[in-house]
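Pasting start_5.pdb here (PDB, C-alpha atoms):
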ATOM      1  CA  MET J   1      11.946  -0.004  -5.112
ATOM      2  CA  THR J   2      12.531  -2.374  -2.183
ATOM      3  CA  PHE J   3      11.600   0.564   0.064
ATOM      4  CA  ILE J   4       9.146   2.623  -2.012
ATOM      5  CA  ALA J   5       6.805  -0.139  -3.224
ATOM      6  CA  PRO J   6       6.107  -1.669   0.236
ATOM      7  CA  LEU J   7       5.709   1.848   1.655
ATOM      8  CA  ILE J   8       3.060   2.777  -0.923
ATOM      9  CA  LEU J   9       1.312  -0.579  -0.620
ATOM     10  CA  GLY J  10       1.235  -0.387   3.167
ATOM     11  CA  PHE J  11      -0.102   3.167   3.093
ATOM     12  CA  GLY J  12      -2.805   2.401   0.513
ATOM     13  CA  ILE J  13      -3.982  -0.827   2.144
ATOM     14  CA  ALA J  14      -4.171   0.749   5.603
ATOM     15  CA  PHE J  15      -5.961   3.822   4.268
ATOM     16  CA  LEU J  16      -8.660   1.713   2.610
ATOM     17  CA  ALA J  17      -8.939  -0.628   5.591
ATOM     18  CA  VAL J  18      -9.435   2.181   8.129
ATOM     19  CA  ILE J  19     -11.451   4.698   6.090
ATOM     20  CA  LEU J  20     -14.823   3.182   7.044
ATOM     21  CA  PRO J  21     -16.296   4.741  10.201
ATOM     22  CA  GLY J  22     -15.148   2.827  13.250
ATOM     23  CA  LEU J  23     -14.677   3.245  16.977
ATOM     24  CA  ILE J  24     -11.208   4.815  16.750
ATOM     25  CA  ASN J  25     -12.096   7.139  13.860
ATOM     26  CA  MET J  26     -15.286   8.383  15.451
ATOM     27  CA  THR J  27     -13.694   8.745  18.887
ATOM     28  CA  ALA J  28     -10.898  10.848  17.371
ATOM     29  CA  ALA J  29     -13.524  13.068  15.736
ATOM     30  CA  LYS J  30     -15.489  13.384  18.979
ATOM     31  CA  ILE J  31     -12.396  14.368  20.968
ATOM     32  CA  SER J  32     -11.531  16.948  18.314
ATOM     33  CA  ILE J  33     -14.984  18.533  18.562
ATOM     34  CA  GLN J  34     -15.187  18.469  22.362
ATOM     35  CA  GLU J  35     -11.608  19.131  23.440
ATOM     36  CA  GLY J  36      -9.681  20.458  20.466
ATOM     37  CA  LYS J  37      -7.312  19.337  17.772
ATOM     38  CA  SER J  38      -4.228  18.812  19.947
ATOM     39  CA  GLU J  39      -5.951  16.332  22.260
ATOM     40  CA  SER J  40      -7.386  14.360  19.344
ATOM     41  CA  ILE J  41      -3.972  14.196  17.659
ATOM     42  CA  SER J  42      -2.510  12.859  20.912
ATOM     43  CA  PHE J  43      -5.227  10.191  20.853
ATOM     44  CA  ALA J  44      -4.424   9.348  17.218
ATOM     45  CA  VAL J  45      -0.707   9.060  17.946
ATOM     46  CA  GLY J  46      -1.453   6.630  20.762
ATOM     47  CA  ALA J  47      -3.658   4.531  18.493
ATOM     48  CA  SER J  48      -1.032   4.602  15.723
ATOM     49  CA  THR J  49       1.645   3.416  18.142
ATOM     50  CA  VAL J  50      -0.318   0.230  18.758
ATOM     51  CA  VAL J  51      -0.969  -0.130  15.011
ATOM     52  CA  PHE J  52       2.815  -0.122  14.530
ATOM     53  CA  LEU J  53       3.296  -2.920  17.069
ATOM     54  CA  GLN J  54       0.377  -4.972  15.715
ATOM     55  CA  THR J  55       1.559  -4.690  12.107
ATOM     56  CA  PHE J  56       5.156  -5.565  12.995
ATOM     57  CA  VAL J  57       4.055  -8.659  14.925
ATOM     58  CA  ALA J  58       1.714  -9.647  12.081
ATOM     59  CA  VAL J  59       4.455  -9.417   9.437
ATOM     60  CA  LEU J  60       6.902 -11.413  11.568
ATOM     61  CA  PHE J  61       4.255 -14.080  12.075
ATOM     62  CA  ALA J  62       3.525 -14.086   8.341
ATOM     63  CA  ARG J  63       7.242 -14.582   7.601
ATOM     64  CA  PHE J  64       7.309 -17.630   9.891
ATOM     65  CA  ILE J  65       4.188 -19.090   8.293
ATOM     66  CA  SER J  66       5.471 -18.497   4.747
ATOM     67  CA  GLN J  67       8.437 -20.756   5.479
ATOM     68  CA  HIS J  68       6.119 -23.709   6.136
ATOM     69  CA  PHE J  69       4.111 -24.566   3.025
ATOM     70  CA  GLU J  70       1.829 -27.041   4.775
ATOM     71  CA  ILE J  71       0.694 -24.325   7.190
ATOM     72  CA  VAL J  72       0.115 -21.866   4.335
ATOM     73  CA  LYS J  73      -2.116 -24.323   2.450
ATOM     74  CA  THR J  74      -4.163 -25.124   5.548
ATOM     75  CA  LEU J  75      -4.618 -21.425   6.364
ATOM     76  CA  GLN J  76      -5.729 -20.731   2.800
ATOM     77  CA  GLU J  77      -8.387 -23.435   3.059
ATOM     78  CA  ILE J  78      -9.565 -22.020   6.381
ATOM     79  CA  ALA J  79      -9.544 -18.507   4.908
ATOM     80  CA  VAL J  80     -11.932 -19.530   2.113
ATOM     81  CA  LEU J  81     -14.394 -20.877   4.690
ATOM     82  CA  VAL J  82     -14.065 -17.827   6.948
ATOM     83  CA  PHE J  83     -14.452 -15.336   4.094
ATOM     84  CA  THR J  84     -17.509 -17.217   2.794
ATOM     85  CA  ILE J  85     -19.171 -17.197   6.222
ATOM     86  CA  LEU J  86     -18.404 -13.500   6.641
ATOM     87  CA  SER J  87     -19.856 -12.731   3.210
ATOM     88  CA  ILE J  88     -23.092 -14.526   4.093
ATOM     89  CA  TYR J  89     -23.212 -12.659   7.393
ATOM     90  CA  PHE J  90     -22.678  -9.216   5.883
ATOM     91  CA  PHE J  91     -25.094  -9.718   2.975
ATOM     92  CA  TRP J  92     -27.977 -11.585   4.594
ATOM     93  CA  VAL J  93     -27.694 -11.952   8.354
ATOM     94  CA  ALA J  94     -26.359  -8.630   9.643
ATOM     95  CA  LYS J  95     -28.897  -6.037  10.690
ATOM     96  CA  LYS J  96     -28.731  -2.497   9.465
ATOM     97  CA  PRO J  97     -25.721  -0.846  11.076
ATOM     98  CA  LYS J  98     -26.588   1.468  13.881
ATOM     99  CA  LYS J  99     -24.906   4.760  14.520
ATOM    100  CA  ILE J 100     -21.504   4.088  16.010
ATOM    101  CA  LYS J 101     -21.237   5.175  19.605
ATOM    102  CA  THR J 102     -17.912   6.367  20.839
ATOM    103  CA  ALA J 103     -16.703   5.510  24.298
ATOM    104  CA  SER J 104     -17.643   7.705  27.206
ATOM    105  CA  LYS J 105     -15.548  10.704  28.001
ATOM    106  CA  VAL J 106     -12.352   9.987  29.896
ATOM    107  CA  LYS J 107     -11.463  12.287  32.736
ATOM    108  CA  GLY J 108      -8.141  14.043  32.397
ATOM    109  CA  LYS J 109      -6.883  15.246  29.043
ATOM    110  CA  SER J 110      -3.421  13.884  29.771
ATOM    111  CA  ASN J 111      -4.826  10.396  29.278
ATOM    112  CA  ARG J 112      -5.687  10.845  25.608
ATOM    113  CA  PHE J 113      -2.480   9.230  24.292
ATOM    114  CA  PHE J 114      -2.971   6.159  26.481
ATOM    115  CA  TYR J 115      -6.693   6.134  25.739
ATOM    116  CA  GLY J 116      -5.816   5.860  22.051
ATOM    117  CA  MET J 117      -3.440   3.002  22.826
ATOM    118  CA  LEU J 118      -6.146   1.248  24.851
ATOM    119  CA  LEU J 119      -8.838   1.415  22.169
ATOM    120  CA  SER J 120      -6.377   0.332  19.487
ATOM    121  CA  THR J 121      -5.177  -2.590  21.629
ATOM    122  CA  LEU J 122      -8.761  -3.807  22.062
ATOM    123  CA  ASN J 123      -9.025  -4.039  18.267
ATOM    124  CA  VAL J 124      -7.058  -7.223  17.475
ATOM    125  CA  LEU J 125      -8.355  -7.607  13.901
ATOM    126  CA  PRO J 126      -5.349  -5.831  12.305
ATOM    127  CA  ILE J 127      -3.048  -8.702  13.279
ATOM    128  CA  PRO J 128      -4.721 -11.485  11.231
ATOM    129  CA  PHE J 129      -5.554  -8.952   8.511
ATOM    130  CA  TYR J 130      -1.927  -7.952   7.981
ATOM    131  CA  VAL J 131      -0.748 -11.546   8.286
ATOM    132  CA  ILE J 132      -2.894 -12.479   5.296
ATOM    133  CA  THR J 133      -2.153  -9.232   3.453
ATOM    134  CA  SER J 134       1.640  -9.467   3.739
ATOM    135  CA  MET J 135       1.596 -13.131   2.685
ATOM    136  CA  SER J 136      -0.542 -12.283  -0.340
ATOM    137  CA  LEU J 137       1.777  -9.418  -1.330
ATOM    138  CA  SER J 138       4.779 -11.695  -0.941
ATOM    139  CA  ALA J 139       3.191 -14.239  -3.281
ATOM    140  CA  THR J 140       2.745 -11.559  -5.959
ATOM    141  CA  GLY J 141       6.401 -10.518  -5.783
ATOM    142  CA  TYR J 142       5.743  -6.918  -4.699
ATOM    143  CA  PHE J 143       6.892  -7.565  -1.146
ATOM    144  CA  SER J 144       9.500  -9.666   0.624
ATOM    145  CA  PHE J 145      10.184 -10.453   4.261
ATOM    146  CA  ASP J 146      13.622  -8.818   4.272
ATOM    147  CA  LYS J 147      14.351  -6.093   6.825
ATOM    148  CA  ILE J 148      13.981  -3.067   4.535
ATOM    149  CA  PRO J 149      10.657  -4.081   2.883
ATOM    150  CA  VAL J 150       9.215  -5.106   6.256
ATOM    151  CA  SER J 151      10.199  -1.795   7.869
ATOM    152  CA  SER J 152       8.872   0.137   4.869
ATOM    153  CA  PHE J 153       5.553  -1.729   4.864
ATOM    154  CA  VAL J 154       5.021  -1.188   8.595
ATOM    155  CA  ILE J 155       5.804   2.535   8.266
ATOM    156  CA  GLY J 156       3.353   2.752   5.363
ATOM    157  CA  VAL J 157       0.584   1.077   7.370
ATOM    158  CA  VAL J 158       1.119   3.433  10.307
ATOM    159  CA  GLY J 159       1.166   6.422   7.956
ATOM    160  CA  GLY J 160      -2.023   5.356   6.195
ATOM    161  CA  SER J 161      -3.834   4.719   9.476
ATOM    162  CA  PHE J 162      -2.780   8.037  11.016
ATOM    163  CA  THR J 163      -3.767   9.895   7.838
ATOM    164  CA  VAL J 164      -7.323   8.567   8.116
ATOM    165  CA  PHE J 165      -7.461   9.458  11.809
ATOM    166  CA  TYR J 166      -6.268  12.971  10.959
ATOM    167  CA  ILE J 167      -8.891  13.368   8.221
ATOM    168  CA  TYR J 168     -11.617  12.517  10.730
ATOM    169  CA  ILE J 169     -10.079  14.954  13.215
ATOM    170  CA  VAL J 170      -9.866  17.992  10.933
ATOM    171  CA  ALA J 171     -12.702  17.399   8.485
ATOM    172  CA  PHE J 172     -15.388  15.394  10.275
ATOM    173  CA  LYS J 173     -18.019  18.115   9.975
ATOM    174  CA  LYS J 174     -17.465  18.304   6.225
ATOM    175  CA  ILE J 175     -17.547  14.528   5.646
ATOM    176  CA  GLU J 176     -20.212  13.702   8.241
ATOM    177  CA  LYS J 177     -22.882  12.986   5.610
ATOM    178  CA  LYS J 178     -20.474  10.747   3.699
ATOM    179  CA  THR J 179     -19.610   8.792   6.845
ATOM    180  CA  GLU J 180     -23.326   8.267   7.465
ATOM    181  CA  PHE J 181     -23.621   6.858   3.931
ATOM    182  CA  LEU J 182     -20.685   4.514   4.574
ATOM    183  CA  MET J 183     -22.217   3.403   7.868
ATOM    184  CA  ARG J 184     -25.554   2.619   6.212
ATOM    185  CA  ASN J 185     -23.844   0.599   3.485
ATOM    186  CA  SER J 186     -20.920  -0.834   5.457
ATOM    187  CA  ASN J 187     -22.366  -4.378   5.446
ATOM    188  CA  THR J 188     -22.622  -4.369   1.646
ATOM    189  CA  ILE J 189     -19.104  -2.955   1.289
ATOM    190  CA  MET J 190     -17.556  -5.466   3.689
ATOM    191  CA  GLY J 191     -19.530  -8.325   2.145
ATOM    192  CA  SER J 192     -18.196  -7.423  -1.298
ATOM    193  CA  ILE J 193     -14.630  -7.320   0.010
ATOM    194  CA  THR J 194     -14.853 -10.694   1.791
ATOM    195  CA  THR J 195     -16.474 -12.290  -1.256
ATOM    196  CA  LEU J 196     -13.649 -11.026  -3.467
ATOM    197  CA  MET J 197     -11.031 -12.322  -1.027
ATOM    198  CA  ALA J 198     -12.736 -15.718  -0.834
ATOM    199  CA  CYS J 199     -12.781 -16.006  -4.642
ATOM    200  CA  MET J 200      -9.142 -14.958  -4.987
ATOM    201  CA  THR J 201      -8.011 -17.436  -2.315
ATOM    202  CA  LEU J 202     -10.066 -20.250  -3.853
ATOM    203  CA  ILE J 203      -8.615 -19.580  -7.322
ATOM    204  CA  LYS J 204      -5.104 -19.630  -5.885
ATOM    205  CA  LEU J 205      -5.769 -23.019  -4.241
ATOM    206  CA  PHE J 206      -6.974 -24.499  -7.535
ATOM    207  CA  LEU J 207      -3.948 -23.149  -9.426
ATOM    208  CA  GLU J 208      -1.430 -24.642  -6.980
TER     209      GLU J 208
END
Before we go any further, please render this structure as structure tokens.
Amino acid sequence: MTFIAPLILGFGIAFLAVILPGLINMTAAKISIQEGKSESISFAVGASTVVFLQTFVAVLFARFISQHFEIVKTLQEIAVLVFTILSIYFFWVAKKPKKIKTASKVKGKSNRFFYGMLLSTLNVLPIPFYVITSMSLSATGYFSFDKIPVSSFVIGVVGGSFTVFYIYIVAFKKIEKKTEFLMRNSNTIMGSITTLMACMTLIKLFLE
């Protein structure tokens, strides 16, 4: 269970976190349509490589933070404020999401792997996300910062992320209408998630 549970949790969390249409997903789909499946898979592998590094760094940072209670409490207080602000933004301030534009075509198909790494590197949000996620899982007892659970969790995150990329690559035409629905309602979805996280963090602070 020290291997299976973190693997499943990492896969599920990453899958849900990446499933909404985003720059990497849509770029992978565009490459698949314009240049073929093999080039888009190369792009996805490059992006997943960076996801692996980001998640590993995030979990190591979370392990350090978890050993200092005063830092954890301060971060939780900050998290409540940040999640509340984000909820207000998504529900009331944000404009209707526009159609996501993928980056312009890169010359040379041999660059697709590194192009995937570049776009994934520019997206730094996974690091704080997985810091908070791994700390929350550790608090519930379903995850620990030992070597095996950490390795399993990171592998699960990479697997979940790549699975979503692959779905966009092979089935974008079939799910295109559904992605448009998600794009139109992405602010409501994200606002609901941040509100839930703010409430959960606030409850945890009161119970401590």
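Closest approach to Ile19 (chain J) among J:Ile203, J:Ser161, J:Gly191, J:Gly156 is made by J:Ser161 (distances from all atoms listed in the file).
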Could you expand the PyMOL selection byres ((chain J and resi 45-58) around 7) into the explicit residues it covers here, written as an MDAnalysis selection string?
chainID J and resid 41:44 59:62 113:114 116:117 120:121 126:128 130:131 154 158 161:162
Got a sec to resolve the PyMOL selection byres ((chain J and resi 27-37) around 8) on this structure and send the residues as a ChimeraX atom specification?
/J:23-26,38-41,43-44,102-103,165,168-170,172
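Taking CA of Ser136 (chain J) and CA of Ile167 (chain J) as endpoints, the distance between them is 28.3 Å.
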Can you tell me, as a ChimeraX atom specification, which residues sit within 9 Å of (4.0, -5.8, 3.1) in the file's frame, using all atoms listed in the file?
/J:5-7,9-10,59,130,133-138,142-145,149-154,156-157
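Picture a line from CA of Gly160 (chain J) to CA of Phe3 (chain J); it runs 15.7 Å.
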